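Participant: Dropping in protein_0.cif, which is mmCIF, C-alpha atoms:
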data_input
loop_
_atom_site.label_atom_id
_atom_site.label_comp_id
_atom_site.auth_asym_id
_atom_site.auth_seq_id
_atom_site.Cartn_x
_atom_site.Cartn_y
_atom_site.Cartn_z
CA MET A 8 0.95 -0.51 36.27
CA GLN A 9 1.95 2.50 34.21
CA ASP A 10 4.87 2.71 31.79
CA GLU A 11 7.12 5.62 32.43
CA PRO A 12 7.77 7.89 29.45
CA VAL A 13 10.33 6.31 27.16
CA ALA A 14 13.07 8.90 26.91
CA THR A 15 16.61 7.65 26.65
CA GLU A 16 17.24 4.42 24.71
CA GLN A 17 14.84 5.17 21.83
CA PRO A 18 17.26 6.23 19.05
CA GLN A 19 18.41 2.65 18.38
CA GLN A 20 14.91 1.53 17.47
CA GLN A 21 14.14 4.55 15.35
CA GLN A 22 16.62 4.43 12.50
CA GLN A 23 14.10 5.16 9.78
CA GLN A 24 11.22 7.58 9.68
CA GLN A 25 8.75 4.70 9.44
CA GLN A 26 8.81 3.99 13.20
CA GLN A 27 6.65 5.40 16.04
CA LYS A 28 5.33 8.77 15.06
CA GLU A 29 4.68 9.90 18.64
CA GLY A 30 8.33 10.69 19.44
CA GLU A 31 9.80 9.99 22.83
CA GLU A 32 6.80 10.47 25.09
CA VAL A 33 4.32 7.64 24.51
CA ALA A 34 1.23 8.69 26.42
CA ASN A 35 -2.20 7.14 26.14
CA THR A 36 -4.65 9.25 24.17
CA TYR A 37 -7.66 6.91 24.51
CA VAL A 38 -8.73 7.82 20.99
CA ILE A 39 -9.97 4.90 18.90
CA ARG A 40 -11.64 6.77 16.05
CA PRO A 41 -10.41 9.76 14.08
CA ASN A 42 -12.16 13.07 14.62
CA PHE A 43 -14.39 14.12 11.80
CA GLU A 44 -11.97 16.90 10.86
CA SER A 45 -8.91 14.68 10.86
CA LYS A 46 -10.36 11.79 8.83
CA PHE A 47 -8.56 10.84 5.66
CA ARG A 48 -10.97 12.40 3.21
CA PRO A 49 -10.57 11.82 -0.53
CA LEU A 50 -11.75 15.37 -1.18
CA LEU A 51 -8.81 16.77 0.74
CA ALA A 52 -6.16 14.37 -0.47
CA LYS A 53 -6.99 14.24 -4.17
CA PRO A 54 -5.69 17.73 -5.07
CA VAL A 55 -2.42 16.82 -3.40
CA ILE A 56 -1.87 13.84 -5.68
CA HIS A 57 -3.18 15.64 -8.74
CA GLU A 58 -0.76 18.50 -8.26
CA VAL A 59 2.22 16.18 -7.98
CA LEU A 60 1.31 14.26 -11.12
CA VAL A 61 0.62 17.33 -13.22
CA GLU A 62 3.76 19.07 -12.02
CA ARG A 63 6.08 16.15 -12.71
CA LEU A 64 4.56 14.51 -15.75
CA THR A 65 3.27 17.13 -18.18
CA ASP A 66 5.56 17.12 -21.23
CA LYS A 67 7.35 13.98 -20.13
CA ALA A 68 7.67 11.14 -22.63
CA TYR A 69 7.97 7.49 -21.70
CA ASP A 70 11.63 6.58 -21.43
CA LYS A 71 12.38 3.10 -20.20
CA GLU A 72 15.41 3.98 -18.11
CA ALA A 73 14.27 7.22 -16.58
CA THR A 74 10.73 6.12 -15.79
CA SER A 75 11.78 3.64 -13.15
CA GLY A 76 13.44 6.34 -11.05
CA LEU A 77 10.63 8.77 -11.80
CA CYS A 78 8.09 6.30 -10.44
CA LYS A 79 9.92 5.99 -7.13
CA GLU A 80 10.33 9.74 -6.83
CA LEU A 81 6.62 10.24 -7.38
CA THR A 82 5.65 7.84 -4.62
CA ASP A 83 8.04 9.46 -2.16
CA GLU A 84 6.85 12.93 -3.09
CA ILE A 85 3.18 12.01 -2.71
CA LYS A 86 3.83 10.31 0.62
CA ALA A 87 5.75 13.32 1.93
CA ARG A 88 3.01 15.74 0.92
CA LEU A 89 0.28 13.61 2.46
CA ARG A 90 2.20 13.47 5.71
CA ALA A 91 2.65 17.22 5.67
CA ASN A 92 -1.09 17.72 5.31
CA GLY A 93 -2.06 16.63 8.81
CA PHE A 94 -3.94 13.29 9.07
CA GLU A 95 -2.77 12.37 12.56
CA ARG A 96 -2.24 8.67 13.35
CA TYR A 97 -2.69 7.54 9.76
CA LYS A 98 -0.48 4.99 8.05
CA PHE A 99 -0.09 5.54 4.31
CA VAL A 100 0.47 3.22 1.38
CA VAL A 101 1.12 5.04 -1.90
CA GLN A 102 1.32 3.24 -5.21
CA VAL A 103 2.23 4.66 -8.60
CA ALA A 104 2.15 2.80 -11.93
CA ILE A 105 3.49 4.38 -15.12
CA GLY A 106 3.03 2.63 -18.43
CA GLU A 107 3.69 3.32 -22.06
CA GLN A 108 0.74 4.08 -24.30
CA ARG A 109 0.73 1.61 -27.15
CA GLY A 110 -2.89 0.77 -27.52
CA GLN A 111 -2.77 -2.16 -25.12
CA GLY A 112 -5.49 -2.93 -22.60
CA VAL A 113 -4.78 -2.54 -18.87
CA LYS A 114 -6.96 -3.20 -15.87
CA MET A 115 -6.06 -2.21 -12.31
CA ALA A 116 -8.25 -3.19 -9.37
CA CYS A 117 -7.97 -3.18 -5.62
CA ARG A 118 -9.92 -4.32 -2.64
CA CYS A 119 -9.37 -3.75 1.04
CA LEU A 120 -10.24 -5.36 4.31
CA TRP A 121 -10.37 -2.46 6.76
CA ASP A 122 -12.55 -0.25 8.90
CA SER A 123 -14.51 1.76 6.35
CA ASP A 124 -15.39 4.36 8.94
CA SER A 125 -11.81 5.47 9.50
CA ASP A 126 -9.88 4.26 6.44
CA ASN A 127 -10.12 5.45 2.86
CA TYR A 128 -8.24 5.74 -0.40
CA VAL A 129 -7.78 8.31 -3.12
CA GLN A 130 -6.69 7.83 -6.71
CA ASP A 131 -5.75 9.89 -9.72
CA ILE A 132 -4.96 9.11 -13.36
CA PHE A 133 -2.78 11.18 -15.63
CA MET A 134 -2.46 10.57 -19.38
CA ASN A 135 -0.55 12.15 -22.16
CA ASP A 136 0.34 10.93 -25.64
CA SER A 137 3.15 8.63 -24.69
CA LEU A 138 2.39 7.48 -21.17
CA PHE A 139 -0.33 6.92 -18.61
CA CYS A 140 0.11 7.12 -14.87
CA VAL A 141 -2.10 5.81 -12.08
CA ALA A 142 -1.49 6.92 -8.50
CA VAL A 143 -3.34 5.47 -5.50
CA ALA A 144 -2.91 6.45 -1.87
CA PHE A 145 -4.47 4.41 0.95
CA GLY A 146 -4.86 5.93 4.42
CA VAL A 147 -5.26 3.45 7.27
CA PHE A 148 -5.95 4.62 10.82
CA HIS A 149 -3.70 3.18 13.51
CA TYR A 150 -5.67 2.45 16.70
CA VAL B 13 19.75 3.29 37.18
CA SER B 14 19.00 3.48 33.45
CA ARG B 15 16.09 1.54 32.01
CA ARG B 16 15.70 0.18 28.52
CA PHE B 17 12.18 -0.12 27.14
CA GLN B 18 12.07 -2.34 24.06
CA MET B 19 9.70 -1.45 21.27
CA GLU B 20 9.89 -4.94 19.73
CA ASP B 21 7.76 -7.74 21.03
CA ASN B 22 9.49 -11.09 20.72
CA SER B 23 6.93 -13.18 22.58
CA PRO B 24 5.61 -16.26 20.76
CA ALA B 25 2.19 -14.67 20.43
CA ALA B 26 3.61 -11.66 18.65
CA LEU B 27 5.73 -13.74 16.30
CA GLN B 28 2.77 -15.84 15.36
CA ASN B 29 0.84 -12.67 14.60
CA SER B 30 3.50 -11.08 12.43
CA PHE B 31 3.40 -10.81 8.67
CA ASN B 32 4.58 -14.02 6.99
CA VAL B 33 5.73 -13.31 3.46
CA GLU B 34 5.97 -16.91 2.21
CA GLU B 35 2.50 -17.78 3.35
CA VAL B 36 1.02 -14.74 1.67
CA SER B 37 2.95 -15.19 -1.58
CA GLN B 38 1.67 -18.76 -1.74
CA ILE B 39 -1.89 -17.50 -1.39
CA ILE B 40 -1.37 -14.95 -4.16
CA LYS B 41 0.14 -17.47 -6.56
CA GLU B 42 -2.74 -19.86 -6.03
CA GLY B 43 -5.18 -17.02 -6.65
CA ILE B 44 -3.57 -16.08 -9.95
CA GLU B 45 -3.22 -19.65 -11.17
CA SER B 46 -6.82 -20.48 -10.43
CA SER B 47 -8.26 -17.43 -12.21
CA ILE B 48 -6.05 -16.77 -15.23
CA GLY B 49 -3.65 -19.71 -15.24
CA THR B 50 -4.57 -20.89 -18.72
CA SER B 51 -6.46 -17.97 -20.27
CA GLN B 52 -5.67 -15.64 -23.12
CA TYR B 53 -6.12 -11.91 -22.60
CA GLN B 54 -9.72 -10.92 -23.26
CA GLN B 55 -10.93 -7.37 -22.81
CA ASN B 56 -14.40 -8.38 -21.71
CA LYS B 57 -13.16 -10.83 -19.09
CA VAL B 58 -10.50 -8.74 -17.35
CA ASN B 59 -13.01 -7.30 -14.93
CA GLN B 60 -14.05 -10.64 -13.55
CA TRP B 61 -10.46 -11.93 -13.51
CA THR B 62 -9.20 -9.10 -11.35
CA SER B 63 -12.18 -9.48 -9.03
CA ALA B 64 -11.66 -13.21 -8.79
CA ILE B 65 -7.97 -12.91 -7.95
CA ILE B 66 -8.52 -10.23 -5.34
CA GLU B 67 -11.45 -12.01 -3.73
CA HIS B 68 -9.48 -15.22 -3.53
CA CYS B 69 -6.58 -13.43 -1.88
CA LEU B 70 -8.73 -11.57 0.63
CA ASN B 71 -10.69 -14.67 1.56
CA HIS B 72 -7.59 -16.68 2.27
CA LEU B 73 -5.96 -13.80 4.10
CA THR B 74 -8.94 -13.46 6.42
CA ARG B 75 -8.81 -17.18 7.10
CA LEU B 76 -5.34 -16.70 8.56
CA GLU B 77 -7.10 -14.80 11.36
CA LYS B 78 -4.26 -12.38 12.01
CA PRO B 79 -4.82 -8.89 13.45
CA PHE B 80 -4.19 -7.04 10.18
CA LYS B 81 -5.99 -4.72 7.82
CA TYR B 82 -5.28 -5.67 4.20
CA VAL B 83 -5.02 -3.78 0.94
CA VAL B 84 -4.85 -5.98 -2.15
CA ASN B 85 -4.06 -4.51 -5.54
CA CYS B 86 -4.03 -6.26 -8.92
CA VAL B 87 -2.87 -5.01 -12.34
CA ILE B 88 -3.44 -7.05 -15.50
CA MET B 89 -1.87 -5.79 -18.70
CA GLN B 90 -2.00 -7.15 -22.21
CA LYS B 91 1.36 -8.10 -23.72
CA ASN B 92 2.06 -5.61 -26.41
CA GLY B 93 5.71 -4.67 -26.11
CA ALA B 94 4.80 -1.67 -24.02
CA GLY B 95 6.59 -1.01 -20.75
CA LEU B 96 5.09 -0.69 -17.28
CA HIS B 97 6.73 0.51 -14.07
CA THR B 98 5.13 0.40 -10.64
CA ALA B 99 6.44 1.67 -7.33
CA SER B 100 5.04 1.98 -3.87
CA SER B 101 6.01 3.97 -0.84
CA CYS B 102 4.63 3.26 2.61
CA PHE B 103 4.54 5.13 5.88
CA TRP B 104 4.01 2.47 8.54
CA ASP B 105 5.57 0.62 11.42
CA SER B 106 8.16 -1.54 9.68
CA GLN B 107 8.32 -4.02 12.56
CA THR B 108 4.71 -5.10 12.39
CA ASP B 109 3.55 -4.25 8.87
CA GLY B 110 4.62 -5.76 5.58
CA SER B 111 3.90 -6.21 1.93
CA CYS B 112 4.22 -8.89 -0.71
CA THR B 113 4.30 -8.45 -4.49
CA ILE B 114 4.00 -11.21 -7.05
CA LYS B 115 4.66 -10.75 -10.77
CA TRP B 116 3.24 -13.33 -13.09
CA GLU B 117 3.13 -13.62 -16.85
CA SER B 118 1.70 -15.77 -19.56
CA LYS B 119 2.01 -15.60 -23.35
CA THR B 120 -0.59 -12.86 -23.71
CA MET B 121 -0.58 -10.91 -20.49
CA HIS B 122 1.25 -9.71 -17.39
CA ALA B 123 -0.24 -9.72 -13.90
CA ILE B 124 1.09 -7.93 -10.82
CA VAL B 125 -0.54 -8.49 -7.42
CA ASN B 126 0.40 -6.49 -4.29
CA VAL B 127 -0.73 -7.28 -0.78
CA PHE B 128 -0.13 -4.73 2.00
CA ALA B 129 -0.81 -5.79 5.58
CA LEU B 130 -1.10 -3.14 8.30
CA ALA B 131 -1.22 -4.12 11.93
CA ILE B 132 -4.14 -3.01 14.01
#
Mind turning this structure into structure tokens?

Facilitator:
Amino acid sequence: MQDEPVATEQPQQQQQQQQQKEGEEVANTYVIRPNFESKFRPLLAKPVIHEVLVERLTDKAYDKEATSGLCKELTDEIKARLRANGFERYKFVVQVAIGEQRGQGVKMACRCLWDSDSDNYVQDIFMNDSLFCVAVAFGVFHY
Amino acid sequence: VSRRFQMEDNSPAALQNSFNVEEVSQIIKEGIESSIGTSQYQQNKVNQWTSAIIEHCLNHLTRLEKPFKYVVNCVIMQKNGAGLHTASSCFWDSQTDGSCTIKWESKTMHAIVNVFALAI
């Protein structure tokens, strides 16, 4: 039994951009693994993140009110650029942490339960005299 | 005749397989308490603390046997008067995927643990 293409009543379910990426026609592609060219490769994604951090953070000093908004803007910017870069059928999780440099010790670690053939992550660290910034982006293939 | 195809799945099987925030936050809190509940910040131990917390979380998450891929992230920072901001932005299917973040502190350190669950 085949589903007919879903055309008309979609808009109610799709209020935010985080819903079905395929648009109105949901056809079966029978693809369960990403192509080699469209895999989420760290080599391709790292310059994207690096550019965003360098562009937005050089010459910025840590300011406790402004940094909170800056953090959110960075995550949205990185997510938008990663989406624009291709990577079909990938879900993204982008995390940015900005902290003040005061000689304290920090440790950030992560571990993932996923399909290591299709999923990957990329990270970048930016430091200047008054702040440090860690950005991580995880790309998870949606079967 | 106009047809309406729902994208949500409200069957009992689907609800049982959805992301349950309370359950996951309980797992995270237990993980933190068991690894660093009573410790002081020590530079040479942070490595094994973060590993212990994350492994605890992942083990218990897998035991839930739900059809999810997980990403667990942990930040431990010494208390020094310095500020820290974190933010995350996700591109996913908001009906099936979810995240849970727990902030914890003691006298000498802060810990932040994030769990992201993405449906298969």

Participant: Between CA of Arg48 in chain A and CA of Val83 in chain B, measure the distance and give it in Å to one decimal.

Facilitator: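 Interatomic distance, CA of Arg48 in chain A to CA of Val83 in chain B: 17.4 Å.
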
Participant: Decode the PyMOL selection byres ((chain A and resi 85-98) around 8) for the given file into explicit residues and return them as a list in words.

Facilitator: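 That selection, the PyMOL selection byres ((chain A and resi 85-98) around 8), comes back as Lys28, Ser45, Lys46, Phe47, Ala52, Val55, Ile56, Val59, Leu81, Thr82, Asp83, Glu84, Phe99, Val100, Val101, Gly146, Val147, Phe148, His149 and Tyr150 of chain A; Ser101, Cys102, Phe103 and Trp104 of chain B.
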
Participant: Take the residues from that selection and put them in a file with C-alpha atoms, as a PDB file, in the frame of the given file.

Facilitator:
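Writing the result to part.pdb gives the following:
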ATOM      1  CA  LYS A  28       5.330   8.770  15.060  1.00  0.00           C
ATOM      2  CA  SER A  45      -8.910  14.680  10.860  1.00  0.00           C
ATOM      3  CA  LYS A  46     -10.360  11.790   8.830  1.00  0.00           C
ATOM      4  CA  PHE A  47      -8.560  10.840   5.660  1.00  0.00           C
ATOM      5  CA  ALA A  52      -6.160  14.370  -0.470  1.00  0.00           C
ATOM      6  CA  VAL A  55      -2.420  16.820  -3.400  1.00  0.00           C
ATOM      7  CA  ILE A  56      -1.870  13.840  -5.680  1.00  0.00           C
ATOM      8  CA  VAL A  59       2.220  16.180  -7.980  1.00  0.00           C
ATOM      9  CA  LEU A  81       6.620  10.240  -7.380  1.00  0.00           C
ATOM     10  CA  THR A  82       5.650   7.840  -4.620  1.00  0.00           C
ATOM     11  CA  ASP A  83       8.040   9.460  -2.160  1.00  0.00           C
ATOM     12  CA  GLU A  84       6.850  12.930  -3.090  1.00  0.00           C
ATOM     13  CA  PHE A  99      -0.090   5.540   4.310  1.00  0.00           C
ATOM     14  CA  VAL A 100       0.470   3.220   1.380  1.00  0.00           C
ATOM     15  CA  VAL A 101       1.120   5.040  -1.900  1.00  0.00           C
ATOM     16  CA  GLY A 146      -4.860   5.930   4.420  1.00  0.00           C
ATOM     17  CA  VAL A 147      -5.260   3.450   7.270  1.00  0.00           C
ATOM     18  CA  PHE A 148      -5.950   4.620  10.820  1.00  0.00           C
ATOM     19  CA  HIS A 149      -3.700   3.180  13.510  1.00  0.00           C
ATOM     20  CA  TYR A 150      -5.670   2.450  16.700  1.00  0.00           C
TER      21      TYR A 150
ATOM     22  CA  SER B 101       6.010   3.970  -0.840  1.00  0.00           C
ATOM     23  CA  CYS B 102       4.630   3.260   2.610  1.00  0.00           C
ATOM     24  CA  PHE B 103       4.540   5.130   5.880  1.00  0.00           C
ATOM     25  CA  TRP B 104       4.010   2.470   8.540  1.00  0.00           C
TER      26      TRP B 104
END

Participant: Once the PyMOL selection byres ((chain A) within 7 of (chain B)) is applied to the coordinates I shared, what remains selected? I want it as a PyMOL selection string.

Facilitator: chain A and resi 13+16+25-27+75+78-79+82-83+86+98-107+109+111-121+149-150

Participant: I need the residues from that last selection saved to file as a PDB file, in the coordinates of the input (with C-alpha atoms), if you can.

Facilitator:
ATOM      1  CA  VAL A  13      10.330   6.310  27.160  1.00  0.00           C
ATOM      2  CA  GLU A  16      17.240   4.420  24.710  1.00  0.00           C
ATOM      3  CA  GLN A  25       8.750   4.700   9.440  1.00  0.00           C
ATOM      4  CA  GLN A  26       8.810   3.990  13.200  1.00  0.00           C
ATOM      5  CA  GLN A  27       6.650   5.400  16.040  1.00  0.00           C
ATOM      6  CA  SER A  75      11.780   3.640 -13.150  1.00  0.00           C
ATOM      7  CA  CYS A  78       8.090   6.300 -10.440  1.00  0.00           C
ATOM      8  CA  LYS A  79       9.920   5.990  -7.130  1.00  0.00           C
ATOM      9  CA  THR A  82       5.650   7.840  -4.620  1.00  0.00           C
ATOM     10  CA  ASP A  83       8.040   9.460  -2.160  1.00  0.00           C
ATOM     11  CA  LYS A  86       3.830  10.310   0.620  1.00  0.00           C
ATOM     12  CA  LYS A  98      -0.480   4.990   8.050  1.00  0.00           C
ATOM     13  CA  PHE A  99      -0.090   5.540   4.310  1.00  0.00           C
ATOM     14  CA  VAL A 100       0.470   3.220   1.380  1.00  0.00           C
ATOM     15  CA  VAL A 101       1.120   5.040  -1.900  1.00  0.00           C
ATOM     16  CA  GLN A 102       1.320   3.240  -5.210  1.00  0.00           C
ATOM     17  CA  VAL A 103       2.230   4.660  -8.600  1.00  0.00           C
ATOM     18  CA  ALA A 104       2.150   2.800 -11.930  1.00  0.00           C
ATOM     19  CA  ILE A 105       3.490   4.380 -15.120  1.00  0.00           C
ATOM     20  CA  GLY A 106       3.030   2.630 -18.430  1.00  0.00           C
ATOM     21  CA  GLU A 107       3.690   3.320 -22.060  1.00  0.00           C
ATOM     22  CA  ARG A 109       0.730   1.610 -27.150  1.00  0.00           C
ATOM     23  CA  GLN A 111      -2.770  -2.160 -25.120  1.00  0.00           C
ATOM     24  CA  GLY A 112      -5.490  -2.930 -22.600  1.00  0.00           C
ATOM     25  CA  VAL A 113      -4.780  -2.540 -18.870  1.00  0.00           C
ATOM     26  CA  LYS A 114      -6.960  -3.200 -15.870  1.00  0.00           C
ATOM     27  CA  MET A 115      -6.060  -2.210 -12.310  1.00  0.00           C
ATOM     28  CA  ALA A 116      -8.250  -3.190  -9.370  1.00  0.00           C
ATOM     29  CA  CYS A 117      -7.970  -3.180  -5.620  1.00  0.00           C
ATOM     30  CA  ARG A 118      -9.920  -4.320  -2.640  1.00  0.00           C
ATOM     31  CA  CYS A 119      -9.370  -3.750   1.040  1.00  0.00           C
ATOM     32  CA  LEU A 120     -10.240  -5.360   4.310  1.00  0.00           C
ATOM     33  CA  TRP A 121     -10.370  -2.460   6.760  1.00  0.00           C
ATOM     34  CA  HIS A 149      -3.700   3.180  13.510  1.00  0.00           C
ATOM     35  CA  TYR A 150      -5.670   2.450  16.700  1.00  0.00           C
TER      36      TYR A 150
END

Participant: Leaving out Ala68 in chain A and any residue of its chain fewer than 2 positions from it, which residues lie within 7 Å of it when counting all atoms listed in the file, given as a PDB file with C-alpha atoms, in the frame of the given file?

Facilitator:
ATOM      1  CA  ASP A  66       5.560  17.120 -21.230  1.00  0.00           C
ATOM      2  CA  ASP A  70      11.630   6.580 -21.430  1.00  0.00           C
ATOM      3  CA  SER A 137       3.150   8.630 -24.690  1.00  0.00           C
ATOM      4  CA  LEU A 138       2.390   7.480 -21.170  1.00  0.00           C
TER       5      LEU A 138
END

Participant: List, as a count of residues only, every residue that the PyMOL selection byres ((chain B and resi 33) around 12) selects in the file provided.

Facilitator: 21

Participant: My structure is short of atoms at range 89-115 of chain A; please model N, CA and C atoms there, returning them as a PDB file, keeping the file's coordinate frame.

Facilitator:
ATOM      1  N   LEU A  89       1.421  14.057   1.664  1.00  0.00           N
ATOM      2  CA  LEU A  89       0.280  13.610   2.460  1.00  0.00           C
ATOM      3  C   LEU A  89       0.590  13.696   3.939  1.00  0.00           C
ATOM      4  N   ARG A  90       1.818  13.359   4.312  1.00  0.00           N
ATOM      5  CA  ARG A  90       2.200  13.470   5.710  1.00  0.00           C
ATOM      6  C   ARG A  90       2.178  14.891   6.174  1.00  0.00           C
ATOM      7  N   ALA A  91       2.592  15.811   5.285  1.00  0.00           N
ATOM      8  CA  ALA A  91       2.650  17.220   5.670  1.00  0.00           C
ATOM      9  C   ALA A  91       1.264  17.812   5.848  1.00  0.00           C
ATOM     10  N   ASN A  92       0.253  17.163   5.295  1.00  0.00           N
ATOM     11  CA  ASN A  92      -1.090  17.720   5.310  1.00  0.00           C
ATOM     12  C   ASN A  92      -1.899  17.468   6.573  1.00  0.00           C
ATOM     13  N   GLY A  93      -1.279  16.919   7.604  1.00  0.00           N
ATOM     14  CA  GLY A  93      -2.060  16.630   8.810  1.00  0.00           C
ATOM     15  C   GLY A  93      -2.340  15.149   8.855  1.00  0.00           C
ATOM     16  N   PHE A  94      -3.569  14.693   8.998  1.00  0.00           N
ATOM     17  CA  PHE A  94      -3.940  13.290   9.070  1.00  0.00           C
ATOM     18  C   PHE A  94      -3.165  12.590  10.178  1.00  0.00           C
ATOM     19  N   GLU A  95      -3.444  12.964  11.408  1.00  0.00           N
ATOM     20  CA  GLU A  95      -2.770  12.370  12.560  1.00  0.00           C
ATOM     21  C   GLU A  95      -3.088  10.895  12.669  1.00  0.00           C
ATOM     22  N   ARG A  96      -2.092  10.095  13.067  1.00  0.00           N
ATOM     23  CA  ARG A  96      -2.240   8.670  13.350  1.00  0.00           C
ATOM     24  C   ARG A  96      -2.647   7.846  12.149  1.00  0.00           C
ATOM     25  N   TYR A  97      -2.386   8.332  10.947  1.00  0.00           N
ATOM     26  CA  TYR A  97      -2.690   7.540   9.760  1.00  0.00           C
ATOM     27  C   TYR A  97      -1.433   6.915   9.208  1.00  0.00           C
ATOM     28  N   LYS A  98      -1.555   5.637   8.788  1.00  0.00           N
ATOM     29  CA  LYS A  98      -0.480   4.990   8.050  1.00  0.00           C
ATOM     30  C   LYS A  98      -0.830   5.134   6.571  1.00  0.00           C
ATOM     31  N   PHE A  99       0.180   5.357   5.725  1.00  0.00           N
ATOM     32  CA  PHE A  99      -0.090   5.540   4.310  1.00  0.00           C
ATOM     33  C   PHE A  99       0.566   4.464   3.469  1.00  0.00           C
ATOM     34  N   VAL A 100      -0.136   4.064   2.402  1.00  0.00           N
ATOM     35  CA  VAL A 100       0.470   3.220   1.380  1.00  0.00           C
ATOM     36  C   VAL A 100       0.219   3.934   0.069  1.00  0.00           C
ATOM     37  N   VAL A 101       1.277   4.312  -0.641  1.00  0.00           N
ATOM     38  CA  VAL A 101       1.120   5.040  -1.900  1.00  0.00           C
ATOM     39  C   VAL A 101       1.656   4.164  -3.018  1.00  0.00           C
ATOM     40  N   GLN A 102       0.873   4.052  -4.099  1.00  0.00           N
ATOM     41  CA  GLN A 102       1.320   3.240  -5.210  1.00  0.00           C
ATOM     42  C   GLN A 102       1.229   4.039  -6.504  1.00  0.00           C
ATOM     43  N   VAL A 103       2.262   3.957  -7.323  1.00  0.00           N
ATOM     44  CA  VAL A 103       2.230   4.660  -8.600  1.00  0.00           C
ATOM     45  C   VAL A 103       2.595   3.672  -9.703  1.00  0.00           C
ATOM     46  N   ALA A 104       1.816   3.648 -10.791  1.00  0.00           N
ATOM     47  CA  ALA A 104       2.150   2.800 -11.930  1.00  0.00           C
ATOM     48  C   ALA A 104       2.222   3.682 -13.154  1.00  0.00           C
ATOM     49  N   ILE A 105       3.332   3.609 -13.879  1.00  0.00           N
ATOM     50  CA  ILE A 105       3.490   4.380 -15.120  1.00  0.00           C
ATOM     51  C   ILE A 105       3.676   3.392 -16.245  1.00  0.00           C
ATOM     52  N   GLY A 106       2.887   3.541 -17.312  1.00  0.00           N
ATOM     53  CA  GLY A 106       3.030   2.630 -18.430  1.00  0.00           C
ATOM     54  C   GLY A 106       3.059   3.384 -19.744  1.00  0.00           C
ATOM     55  N   GLU A 107       3.589   2.732 -20.750  1.00  0.00           N
ATOM     56  CA  GLU A 107       3.690   3.320 -22.060  1.00  0.00           C
ATOM     57  C   GLU A 107       2.337   3.184 -22.764  1.00  0.00           C
ATOM     58  N   GLN A 108       2.004   4.168 -23.574  1.00  0.00           N
ATOM     59  CA  GLN A 108       0.740   4.080 -24.300  1.00  0.00           C
ATOM     60  C   GLN A 108       0.980   3.462 -25.666  1.00  0.00           C
ATOM     61  N   ARG A 109       0.524   2.239 -25.849  1.00  0.00           N
ATOM     62  CA  ARG A 109       0.730   1.610 -27.150  1.00  0.00           C
ATOM     63  C   ARG A 109      -0.540   0.927 -27.623  1.00  0.00           C
ATOM     64  N   GLY A 110      -1.642   1.372 -27.097  1.00  0.00           N
ATOM     65  CA  GLY A 110      -2.890   0.770 -27.520  1.00  0.00           C
ATOM     66  C   GLY A 110      -3.215  -0.529 -26.817  1.00  0.00           C
ATOM     67  N   GLN A 111      -2.454  -0.892 -25.781  1.00  0.00           N
ATOM     68  CA  GLN A 111      -2.770  -2.160 -25.120  1.00  0.00           C
ATOM     69  C   GLN A 111      -3.864  -1.935 -24.087  1.00  0.00           C
ATOM     70  N   GLY A 112      -4.468  -3.021 -23.624  1.00  0.00           N
ATOM     71  CA  GLY A 112      -5.490  -2.930 -22.600  1.00  0.00           C
ATOM     72  C   GLY A 112      -4.852  -3.147 -21.242  1.00  0.00           C
ATOM     73  N   VAL A 113      -5.285  -2.348 -20.234  1.00  0.00           N
ATOM     74  CA  VAL A 113      -4.780  -2.540 -18.870  1.00  0.00           C
ATOM     75  C   VAL A 113      -5.956  -2.480 -17.919  1.00  0.00           C
ATOM     76  N   LYS A 114      -5.917  -3.288 -16.881  1.00  0.00           N
ATOM     77  CA  LYS A 114      -6.960  -3.200 -15.870  1.00  0.00           C
ATOM     78  C   LYS A 114      -6.293  -3.192 -14.509  1.00  0.00           C
ATOM     79  N   MET A 115      -6.651  -2.246 -13.657  1.00  0.00           N
ATOM     80  CA  MET A 115      -6.060  -2.210 -12.310  1.00  0.00           C
ATOM     81  C   MET A 115      -7.208  -2.205 -11.314  1.00  0.00           C
TER      82      MET A 115
END
